[in-house]
file start_4.pdb (PDB, C-alpha atoms)
ATOM      1  CA  ALA A 279       8.904 -21.827   0.660
ATOM      2  CA  GLY A 280       7.626 -24.313  -1.907
ATOM      3  CA  VAL A 281       5.121 -22.015  -3.588
ATOM      4  CA  ASP A 282       4.158 -23.220  -7.050
ATOM      5  CA  TYR A 283       4.164 -19.938  -8.977
ATOM      6  CA  MET A 284       5.783 -16.554  -8.410
ATOM      7  CA  GLU A 285       4.382 -13.586 -10.287
ATOM      8  CA  ILE A 286       6.869 -10.862 -11.193
ATOM      9  CA  GLY A 287       5.240  -7.699 -12.489
ATOM     10  CA  TYR A 288       3.629  -6.950 -15.831
ATOM     11  CA  LYS A 289       4.444  -7.166 -19.484
ATOM     12  CA  ALA A 290       3.565  -4.134 -21.565
ATOM     13  CA  SER A 291       4.504  -2.414 -24.796
ATOM     14  CA  ALA A 292       7.660  -0.347 -24.318
ATOM     15  CA  GLU A 293       6.109   2.814 -25.775
ATOM     16  CA  LEU A 294       3.388   2.809 -23.119
ATOM     17  CA  PHE A 295       5.587   3.303 -20.063
ATOM     18  CA  ASP A 296       8.716   5.084 -18.920
ATOM     19  CA  PRO A 297      10.903   3.217 -16.390
ATOM     20  CA  LYS A 298      11.858   6.592 -14.894
ATOM     21  CA  GLU A 299       8.218   7.027 -13.861
ATOM     22  CA  TYR A 300       7.173   3.455 -13.102
ATOM     23  CA  GLY A 301      10.458   1.879 -12.053
ATOM     24  CA  LYS A 302      12.272  -1.011 -13.667
ATOM     25  CA  TRP A 303      10.074  -3.801 -12.352
ATOM     26  CA  ARG A 304       6.475  -2.765 -12.808
ATOM     27  CA  PHE A 305       6.725  -3.673 -16.488
ATOM     28  CA  CYS A 306       9.608  -6.106 -16.588
ATOM     29  CA  LYS A 307      11.613  -7.455 -19.494
ATOM     30  CA  ASP A 308      12.683 -11.059 -19.865
ATOM     31  CA  ASP A 309      16.355 -10.065 -20.062
ATOM     32  CA  ASP A 310      16.178  -8.164 -16.761
ATOM     33  CA  VAL A 311      14.540 -11.114 -15.024
ATOM     34  CA  LYS A 312      17.161 -13.469 -16.468
ATOM     35  CA  GLN A 313      19.892 -11.370 -14.829
ATOM     36  CA  VAL A 314      18.219 -11.701 -11.445
ATOM     37  CA  LEU A 315      17.821 -15.457 -11.846
ATOM     38  CA  ASP A 316      21.419 -16.046 -12.921
ATOM     39  CA  GLY A 317      22.951 -18.670 -10.658
ATOM     40  CA  LEU A 318      19.749 -19.405  -8.756
ATOM     41  CA  GLU A 319      18.084 -22.794  -8.539
ATOM     42  CA  LEU A 320      14.484 -21.857  -9.164
ATOM     43  CA  LYS A 321      11.848 -24.389  -8.153
ATOM     44  CA  ALA A 322       8.768 -22.228  -8.585
ATOM     45  CA  LYS A 323       7.349 -21.442 -12.008
ATOM     46  CA  LEU A 324       7.451 -17.776 -12.991
ATOM     47  CA  ALA A 325       4.381 -15.807 -14.021
ATOM     48  CA  CYS A 326       3.644 -12.269 -15.120
ATOM     49  CA  MET A 327       0.478 -10.319 -15.820
ATOM     50  CA  VAL A 328      -0.773  -8.495 -18.899
ATOM     51  CA  ASP A 329      -3.575  -5.954 -19.177
ATOM     52  CA  ILE A 330      -5.863  -5.751 -22.182
ATOM     53  CA  GLY A 331      -4.792  -2.867 -24.389
ATOM     54  CA  ARG A 332      -1.306  -2.539 -22.897
ATOM     55  CA  VAL A 333       0.435  -5.356 -24.715
ATOM     56  CA  LYS A 334       0.892  -6.454 -28.314
ATOM     57  CA  ASP A 335       1.388  -9.975 -29.580
ATOM     58  CA  THR A 336       4.989  -9.108 -30.494
ATOM     59  CA  ASP A 337       5.739  -8.160 -26.867
ATOM     60  CA  ILE A 338       5.366 -11.804 -25.810
ATOM     61  CA  LEU A 339       8.150 -14.208 -26.743
ATOM     62  CA  PRO A 340       7.498 -17.888 -27.472
ATOM     63  CA  VAL A 341       7.641 -19.764 -24.181
ATOM     64  CA  ASP A 342      10.879 -21.555 -25.080
ATOM     65  CA  GLN A 343      12.588 -18.156 -25.364
ATOM     66  CA  SER A 344      11.088 -16.716 -22.180
ATOM     67  CA  VAL A 345      11.788 -16.938 -18.455
ATOM     68  CA  PHE A 346       8.049 -17.095 -17.813
ATOM     69  CA  ASP A 347       5.920 -20.238 -17.635
ATOM     70  CA  MET A 348       2.522 -18.605 -17.071
ATOM     71  CA  ILE A 349       0.948 -15.351 -18.222
ATOM     72  CA  ARG A 350      -2.123 -14.029 -16.425
ATOM     73  CA  VAL A 351      -4.531 -11.976 -18.531
ATOM     74  CA  ALA A 352      -6.415  -9.250 -16.658
ATOM     75  CA  CYS A 353      -9.599  -7.845 -18.151
ATOM     76  CA  TYR A 354     -12.935  -6.392 -17.151
ATOM     77  CA  ILE A 355     -16.189  -8.142 -17.957
ATOM     78  CA  LYS A 356     -16.916  -5.689 -20.764
ATOM     79  CA  ASP A 357     -13.666  -6.746 -22.480
ATOM     80  CA  VAL A 358     -13.959 -10.494 -21.936
ATOM     81  CA  ASP A 359     -13.876 -11.175 -25.676
ATOM     82  CA  LYS A 360     -10.556  -9.333 -25.922
ATOM     83  CA  GLY A 361      -9.297 -11.213 -22.879
ATOM     84  CA  ILE A 362     -10.177 -14.534 -24.489
ATOM     85  CA  ASP A 363      -8.449 -13.553 -27.740
ATOM     86  CA  LEU A 364      -5.258 -12.556 -25.917
ATOM     87  CA  ALA A 365      -5.344 -15.710 -23.783
ATOM     88  CA  ASN A 366      -5.614 -17.804 -26.949
ATOM     89  CA  GLN A 367      -2.619 -16.020 -28.490
ATOM     90  CA  ILE A 368      -0.616 -16.660 -25.327
ATOM     91  CA  MET A 369      -1.552 -20.349 -25.221
ATOM     92  CA  ASP A 370      -0.541 -20.635 -28.881
ATOM     93  CA  LYS A 371       2.939 -19.499 -27.786
ATOM     94  CA  GLY A 372       3.117 -22.372 -25.309
ATOM     95  CA  TYR A 373       2.365 -20.678 -21.976
ATOM     96  CA  GLU A 374       0.054 -21.659 -19.188
ATOM     97  CA  VAL A 375      -2.606 -18.971 -18.929
ATOM     98  CA  THR A 376      -5.223 -17.630 -16.560
ATOM     99  CA  LEU A 377      -8.026 -15.162 -17.235
ATOM    100  CA  ASN A 378      -8.566 -12.764 -14.331
ATOM    101  CA  LEU A 379     -11.949 -11.034 -14.357
ATOM    102  CA  MET A 380     -11.393  -7.737 -12.577
ATOM    103  CA  ALA A 381     -13.757  -5.787 -10.323
ATOM    104  CA  VAL A 382     -16.658  -8.230 -10.608
ATOM    105  CA  SER A 383     -18.131  -6.711  -7.438
ATOM    106  CA  THR A 384     -19.275  -3.848  -9.694
ATOM    107  CA  ASN A 385     -20.957  -6.028 -12.332
ATOM    108  CA  LEU A 386     -24.550  -7.108 -12.745
ATOM    109  CA  GLU A 387     -25.137 -10.832 -12.290
ATOM    110  CA  LYS A 388     -26.443 -11.227 -15.848
ATOM    111  CA  ASP A 389     -23.230  -9.712 -17.231
ATOM    112  CA  ILE A 390     -21.104 -12.083 -15.149
ATOM    113  CA  ASP A 391     -23.202 -15.025 -16.356
ATOM    114  CA  GLU A 392     -22.800 -13.956 -19.977
ATOM    115  CA  ALA A 393     -19.009 -13.625 -19.616
ATOM    116  CA  LEU A 394     -18.675 -17.010 -17.919
ATOM    117  CA  GLY A 395     -20.784 -18.534 -20.683
ATOM    118  CA  GLN A 396     -18.358 -17.192 -23.267
ATOM    119  CA  ILE A 397     -15.316 -18.454 -21.355
ATOM    120  CA  SER A 398     -16.850 -21.900 -20.869
ATOM    121  CA  LYS A 399     -16.639 -22.468 -24.632
ATOM    122  CA  THR A 400     -12.895 -21.739 -24.755
ATOM    123  CA  LYS A 401      -9.723 -23.681 -23.949
ATOM    124  CA  VAL A 402      -8.735 -21.202 -21.218
ATOM    125  CA  PRO A 403      -7.931 -23.566 -18.314
ATOM    126  CA  CYS A 404      -8.177 -21.222 -15.327
ATOM    127  CA  VAL A 405     -10.431 -18.285 -14.448
ATOM    128  CA  TYR A 406      -9.843 -16.052 -11.453
ATOM    129  CA  LEU A 407     -12.452 -14.612  -9.132
ATOM    130  CA  VAL A 408     -10.953 -11.208  -8.270
ATOM    131  CA  ASP A 409     -12.046  -8.900  -5.455
ATOM    132  CA  SER A 410     -10.281  -5.895  -6.956
ATOM    133  CA  PHE A 411     -11.670  -3.336  -4.519
ATOM    134  CA  GLY A 412     -11.558  -5.441  -1.359
ATOM    135  CA  ALA A 413     -15.314  -5.030  -1.125
ATOM    136  CA  MET A 414     -16.529  -8.613  -0.774
ATOM    137  CA  TYR A 415     -17.693 -10.560   2.270
ATOM    138  CA  SER A 416     -17.554 -14.341   2.606
ATOM    139  CA  GLU A 417     -21.108 -14.745   1.334
ATOM    140  CA  ASP A 418     -20.139 -12.883  -1.852
ATOM    141  CA  ILE A 419     -17.182 -15.214  -2.327
ATOM    142  CA  THR A 420     -19.428 -18.239  -1.814
ATOM    143  CA  PHE A 421     -22.033 -16.987  -4.283
ATOM    144  CA  LEU A 422     -19.523 -16.133  -7.008
ATOM    145  CA  ALA A 423     -17.183 -19.104  -6.518
ATOM    146  CA  GLN A 424     -20.118 -21.492  -6.828
ATOM    147  CA  LYS A 425     -21.301 -19.601  -9.912
ATOM    148  CA  TYR A 426     -17.848 -19.790 -11.534
ATOM    149  CA  LEU A 427     -17.420 -23.491 -10.787
ATOM    150  CA  GLN A 428     -20.882 -24.377 -12.069
ATOM    151  CA  ALA A 429     -20.445 -22.334 -15.249
ATOM    152  CA  LEU A 430     -16.914 -23.561 -15.977
ATOM    153  CA  PRO A 431     -16.868 -27.365 -15.680
ATOM    154  CA  GLY A 432     -13.410 -28.808 -16.145
ATOM    155  CA  LYS A 433     -11.688 -25.485 -15.494
ATOM    156  CA  THR A 434      -9.764 -24.366 -12.419
ATOM    157  CA  VAL A 435     -11.084 -21.404 -10.449
ATOM    158  CA  GLY A 436      -8.561 -19.105  -8.784
ATOM    159  CA  ILE A 437      -9.022 -16.474  -6.064
ATOM    160  CA  HIS A 438      -7.361 -13.062  -5.736
ATOM    161  CA  CYS A 439      -8.368 -10.882  -2.791
ATOM    162  CA  HIS A 440      -7.462  -7.391  -1.606
ATOM    163  CA  ASN A 441      -7.317  -6.453   2.048
ATOM    164  CA  ASN A 442      -9.249  -3.183   2.246
ATOM    165  CA  ARG A 443     -11.510  -4.546   5.001
ATOM    166  CA  GLN A 444      -9.010  -7.038   6.444
ATOM    167  CA  LEU A 445     -10.881  -9.908   4.786
ATOM    168  CA  ALA A 446      -8.395 -11.022   2.115
ATOM    169  CA  PHE A 447      -7.208 -14.037   4.127
ATOM    170  CA  ALA A 448     -10.692 -14.980   5.336
ATOM    171  CA  ASN A 449     -12.151 -14.642   1.837
ATOM    172  CA  THR A 450      -9.347 -16.743   0.379
ATOM    173  CA  ILE A 451     -10.158 -19.472   2.908
ATOM    174  CA  GLN A 452     -13.822 -19.244   1.936
ATOM    175  CA  ALA A 453     -12.905 -19.640  -1.722
ATOM    176  CA  ILE A 454     -10.839 -22.733  -0.873
ATOM    177  CA  ILE A 455     -13.843 -24.199   0.943
ATOM    178  CA  GLU A 456     -15.965 -23.611  -2.167
ATOM    179  CA  GLY A 457     -13.419 -25.291  -4.460
ATOM    180  CA  ALA A 458     -10.956 -22.621  -5.646
ATOM    181  CA  ASN A 459      -7.611 -24.246  -6.339
ATOM    182  CA  LEU A 460      -5.224 -21.476  -7.428
ATOM    183  CA  LEU A 461      -4.630 -19.083  -4.555
ATOM    184  CA  ASP A 462      -3.000 -15.663  -4.757
ATOM    185  CA  ALA A 463      -1.052 -14.252  -1.827
ATOM    186  CA  SER A 464       1.882 -11.900  -1.298
ATOM    187  CA  VAL A 465       4.735 -11.699   1.191
ATOM    188  CA  TYR A 466       3.664  -9.630   4.222
ATOM    189  CA  GLY A 467       0.544  -8.744   2.230
ATOM    190  CA  ILE A 468       2.494  -6.341  -0.004
ATOM    191  CA  GLY A 469       0.478  -4.909  -2.876
ATOM    192  CA  ARG A 470      -1.015  -1.717  -4.197
ATOM    193  CA  GLY A 471      -3.141   0.121  -1.679
ATOM    194  CA  ALA A 472      -4.462  -2.250   0.966
ATOM    195  CA  GLY A 473      -2.390  -5.120  -0.394
ATOM    196  CA  ASN A 474      -3.376  -8.752  -0.713
ATOM    197  CA  CYS A 475      -3.845 -11.958   1.238
ATOM    198  CA  THR A 476      -0.681 -12.546   3.262
ATOM    199  CA  LEU A 477       1.411 -15.470   2.076
ATOM    200  CA  GLU A 478       2.667 -16.348   5.544
ATOM    201  CA  LEU A 479      -0.876 -16.743   6.874
ATOM    202  CA  LEU A 480      -1.998 -18.780   3.877
ATOM    203  CA  LEU A 481       0.945 -21.199   4.058
ATOM    204  CA  GLY A 482       0.177 -21.771   7.735
ATOM    205  CA  PHE A 483      -3.466 -22.447   6.963
ATOM    206  CA  LEU A 484      -2.794 -24.964   4.180
ATOM    207  CA  LYS A 485      -0.750 -27.273   6.454
ATOM    208  CA  ASN A 486       0.744 -28.924   3.379
ATOM    209  CA  PRO A 487       4.223 -30.390   3.982
ATOM    210  CA  LYS A 488       5.382 -29.168   0.564
ATOM    211  CA  TYR A 489       5.180 -25.596   1.878
ATOM    212  CA  SER A 490       7.438 -23.990   4.464
ATOM    213  CA  VAL A 491       6.657 -20.674   6.127
ATOM    214  CA  ARG A 492      10.139 -20.165   7.605
ATOM    215  CA  PRO A 493      11.793 -18.812   4.407
ATOM    216  CA  VAL A 494       8.989 -16.260   4.117
ATOM    217  CA  LEU A 495       9.488 -15.142   7.712
ATOM    218  CA  LYS A 496      13.222 -14.775   7.035
ATOM    219  CA  LEU A 497      12.476 -12.741   3.914
ATOM    220  CA  ILE A 498      10.211 -10.417   5.900
ATOM    221  CA  GLU A 499      12.834 -10.074   8.617
ATOM    222  CA  ASP A 500      15.676  -9.312   6.211
ATOM    223  CA  TYR A 501      13.920  -7.108   3.653
ATOM    224  CA  PHE A 502      10.264  -6.310   4.192
ATOM    225  CA  LEU A 503      10.522  -4.628   7.590
ATOM    226  CA  ALA A 504      12.897  -2.070   6.083
ATOM    227  CA  LEU A 505      10.795  -1.825   2.920
ATOM    228  CA  ARG A 506       7.694  -1.106   5.011
ATOM    229  CA  LYS A 507       9.433   2.036   6.306
ATOM    230  CA  GLN A 508       9.969   3.272   2.758
ATOM    231  CA  ILE A 509       6.604   2.529   1.150
ATOM    232  CA  GLU A 510       3.074   2.085   2.462
ATOM    233  CA  TRP A 511       0.716  -0.825   1.982
ATOM    234  CA  GLY A 512      -1.839  -2.775   3.975
ATOM    235  CA  TYR A 513      -4.952  -1.944   5.958
ATOM    236  CA  ILE A 514      -5.280   1.842   6.154
ATOM    237  CA  ILE A 515      -8.514   3.752   6.816
ATOM    238  CA  PRO A 516      -8.836   5.443   3.381
ATOM    239  CA  MET A 517      -8.456   2.010   1.760
ATOM    240  CA  MET A 518     -11.143   0.704   4.092
ATOM    241  CA  VAL A 519     -13.430   3.542   2.962
ATOM    242  CA  THR A 520     -13.022   2.782  -0.747
ATOM    243  CA  GLY A 521     -13.502  -0.929  -0.058
ATOM    244  CA  THR A 522     -16.694  -0.264   1.872
ATOM    245  CA  LEU A 523     -17.959   1.922  -0.974
ATOM    246  CA  ASN A 524     -16.914  -0.698  -3.571
ATOM    247  CA  GLU A 525     -14.725   1.825  -5.371
ATOM    248  CA  HIS A 526     -11.278   1.765  -6.954
ATOM    249  CA  PRO A 527      -8.543   2.600  -4.394
ATOM    250  CA  ARG A 528      -6.990   5.333  -6.546
ATOM    251  CA  ALA A 529      -8.769   8.060  -4.563
ATOM    252  CA  ALA A 530      -7.391   6.661  -1.308
ATOM    253  CA  MET A 531      -3.877   6.434  -2.751
ATOM    254  CA  GLU A 532      -4.060  10.051  -3.916
ATOM    255  CA  TRP A 533      -5.293  11.118  -0.470
ATOM    256  CA  ARG A 534      -2.467   9.266   1.281
ATOM    257  CA  ALA A 535       0.041  11.044  -0.972
ATOM    258  CA  GLY A 536      -1.291  14.475  -0.018
ATOM    259  CA  PRO A 537      -0.974  16.807   2.990
ATOM    260  CA  LYS A 538      -4.245  15.637   4.592
ATOM    261  CA  LYS A 539      -3.391  11.943   4.494
ATOM    262  CA  ASP A 540      -4.455  11.236   8.101
ATOM    263  CA  GLN A 541      -7.684  13.256   7.981
ATOM    264  CA  PHE A 542      -9.842  10.189   7.595
ATOM    265  CA  ALA A 543     -13.199  11.810   8.295
ATOM    266  CA  LYS A 544     -12.610  14.452   5.617
ATOM    267  CA  PHE A 545     -11.731  11.736   3.134
ATOM    268  CA  TYR A 546     -14.916   9.890   4.008
ATOM    269  CA  ASP A 547     -16.918  13.084   3.597
ATOM    270  CA  LYS A 548     -15.285  13.734   0.243
ATOM    271  CA  LEU A 549     -16.258  10.342  -1.107
ATOM    272  CA  THR A 550     -19.750  10.280   0.339
ATOM    273  CA  ALA A 551     -20.534  13.978  -0.299
ATOM    274  CA  GLN A 552     -21.520  14.461   3.317
ATOM    275  CA  GLU A 553     -22.311  18.029   4.278
ATOM    276  CA  ILE A 554     -20.884  18.695   7.703
ATOM    277  CA  VAL A 555     -22.225  21.513   9.829
ATOM    278  CA  GLU A 556     -19.523  22.761  12.178
TER     279      GLU A 556
END

call {"tool": "encode", "arguments": {"input": "start_4.pdb", "output": "structure tokens"}}
result
Amino acid sequence: AGVDYMEIGYKASAELFDPKEYGKWRFCKDDDVKQVLDGLELKAKLACMVDIGRVKDTDILPVDQSVFDMIRVACYIKDVDKGIDLANQIMDKGYEVTLNLMAVSTNLEKDIDEALGQISKTKVPCVYLVDSFGAMYSEDITFLAQKYLQALPGKTVGIHCHNNRQLAFANTIQAIIEGANLLDASVYGIGRGAGNCTLELLLGFLKNPKYSVRPVLKLIEDYFLALRKQIEWGYIIPMMVTGTLNEHPRAAMEWRAGPKKDQFAKFYDKLTAQEIVE
């Protein structure tokens, strides 16, 4: 399809997860990825993500020993100093790096400004605006994207949107208009909870001859239609509720895994503490 980077899961310390619980690919090892790539002509660069507190310096190989080209560091505003430190360690090992500031829709403006001020003094080349809860509207994207770009001269701003209110694609477009230049999307929108901006829509919007949507459509046809019958993702009412309330989707995911998964009004009442008189 011509995409520039493909992210494959997380890196994390082995003692922090059990593959029997999380599966083989949520926290993936270089050797496992190498087996998958054997015999393939890979044009895209490979990326993975790390969370603050879940990875040690020794878990990350030097880039010349790794299958990965880029490592994306995820942190909350309160841990931005730790995110910067980890990003610096990763750059020292030769990787491209991004710093993804999570759940900024829950932060005060002064705290965002302070974090961006800290990052502006670093060598971190790319900072992501992340709508973790799928809570933002286009005006929020405009406000924050302009803030990031003004505070981070010379750095690239990326955009990562979730689809709780069916705005991931629209908000990604808005970020492009404002100057974001690294764009996250996933095949058929697959992702935790409400999922992400759909890759097939984004490739069509970009109208860049280097990209081709047909391989993505073939991938969906061959694999994702069947996968969609096994696992759930995308716009679902409980995810919409958490997005509207600007809350983490874990409550919606727990509700969808329970016996009342389609009782949307009860879920809304639970989260808003509505007292219903019957």

call {"tool": "atom_distance", "arguments": {"input": "start_4.pdb", "atom1": "CA of Gln396 in chain A", "atom2": "CA of Leu523 in chain A"}}
result
29.4 Å

call {"tool": "closest_residue", "arguments": {"input": "start_4.pdb", "among": "A:Lys298, A:His440, A:Arg350, A:Lys485", "to": "Ser464 in chain A", "atoms": "only C-alpha atoms"}}
result
A:His440

call {"tool": "resolve_selection", "arguments": {"input": "start_4.pdb", "expression": "the PyMOL selection byres ((chain A and resi 395) around 12)", "output": "ChimeraX atom specification"}}
result
/A:355,358-359,362,388-394,396-400,425-431

call {"tool": "atom_distance", "arguments": {"input": "start_4.pdb", "atom1": "CA of Arg534 in chain A", "atom2": "CA of Phe295 in chain A"}}
result
23.6 Å

call {"tool": "residues_around", "arguments": {"input": "start_4.pdb", "residues": "Gly512 in chain A", "least_positions_apart": "5", "cutoff": "7 Å", "atoms": "all atoms listed in the file", "output": "PDB file with C-alpha atoms, in the frame of the given file"}}
result
ATOM      1  CA  ASN A 441      -7.317  -6.453   2.048  1.00  0.00           C
ATOM      2  CA  GLY A 467       0.544  -8.744   2.230  1.00  0.00           C
ATOM      3  CA  ILE A 468       2.494  -6.341  -0.004  1.00  0.00           C
ATOM      4  CA  GLY A 471      -3.141   0.121  -1.679  1.00  0.00           C
ATOM      5  CA  ALA A 472      -4.462  -2.250   0.966  1.00  0.00           C
ATOM      6  CA  GLY A 473      -2.390  -5.120  -0.394  1.00  0.00           C
TER       7      GLY A 473
END

call {"tool": "residues_around", "arguments": {"input": "start_4.pdb", "residues": "range 308-325 of chain A", "least_positions_apart": "5", "cutoff": "7 Å", "atoms": "only C-alpha atoms", "output": "list of chain:residue names"}}
result
A:Val281, A:Asp282, A:Tyr283, A:Met284, A:Glu285, A:Ile286, A:Ser344, A:Val345, A:Phe346, A:Asp347, A:Met348, A:Ile349
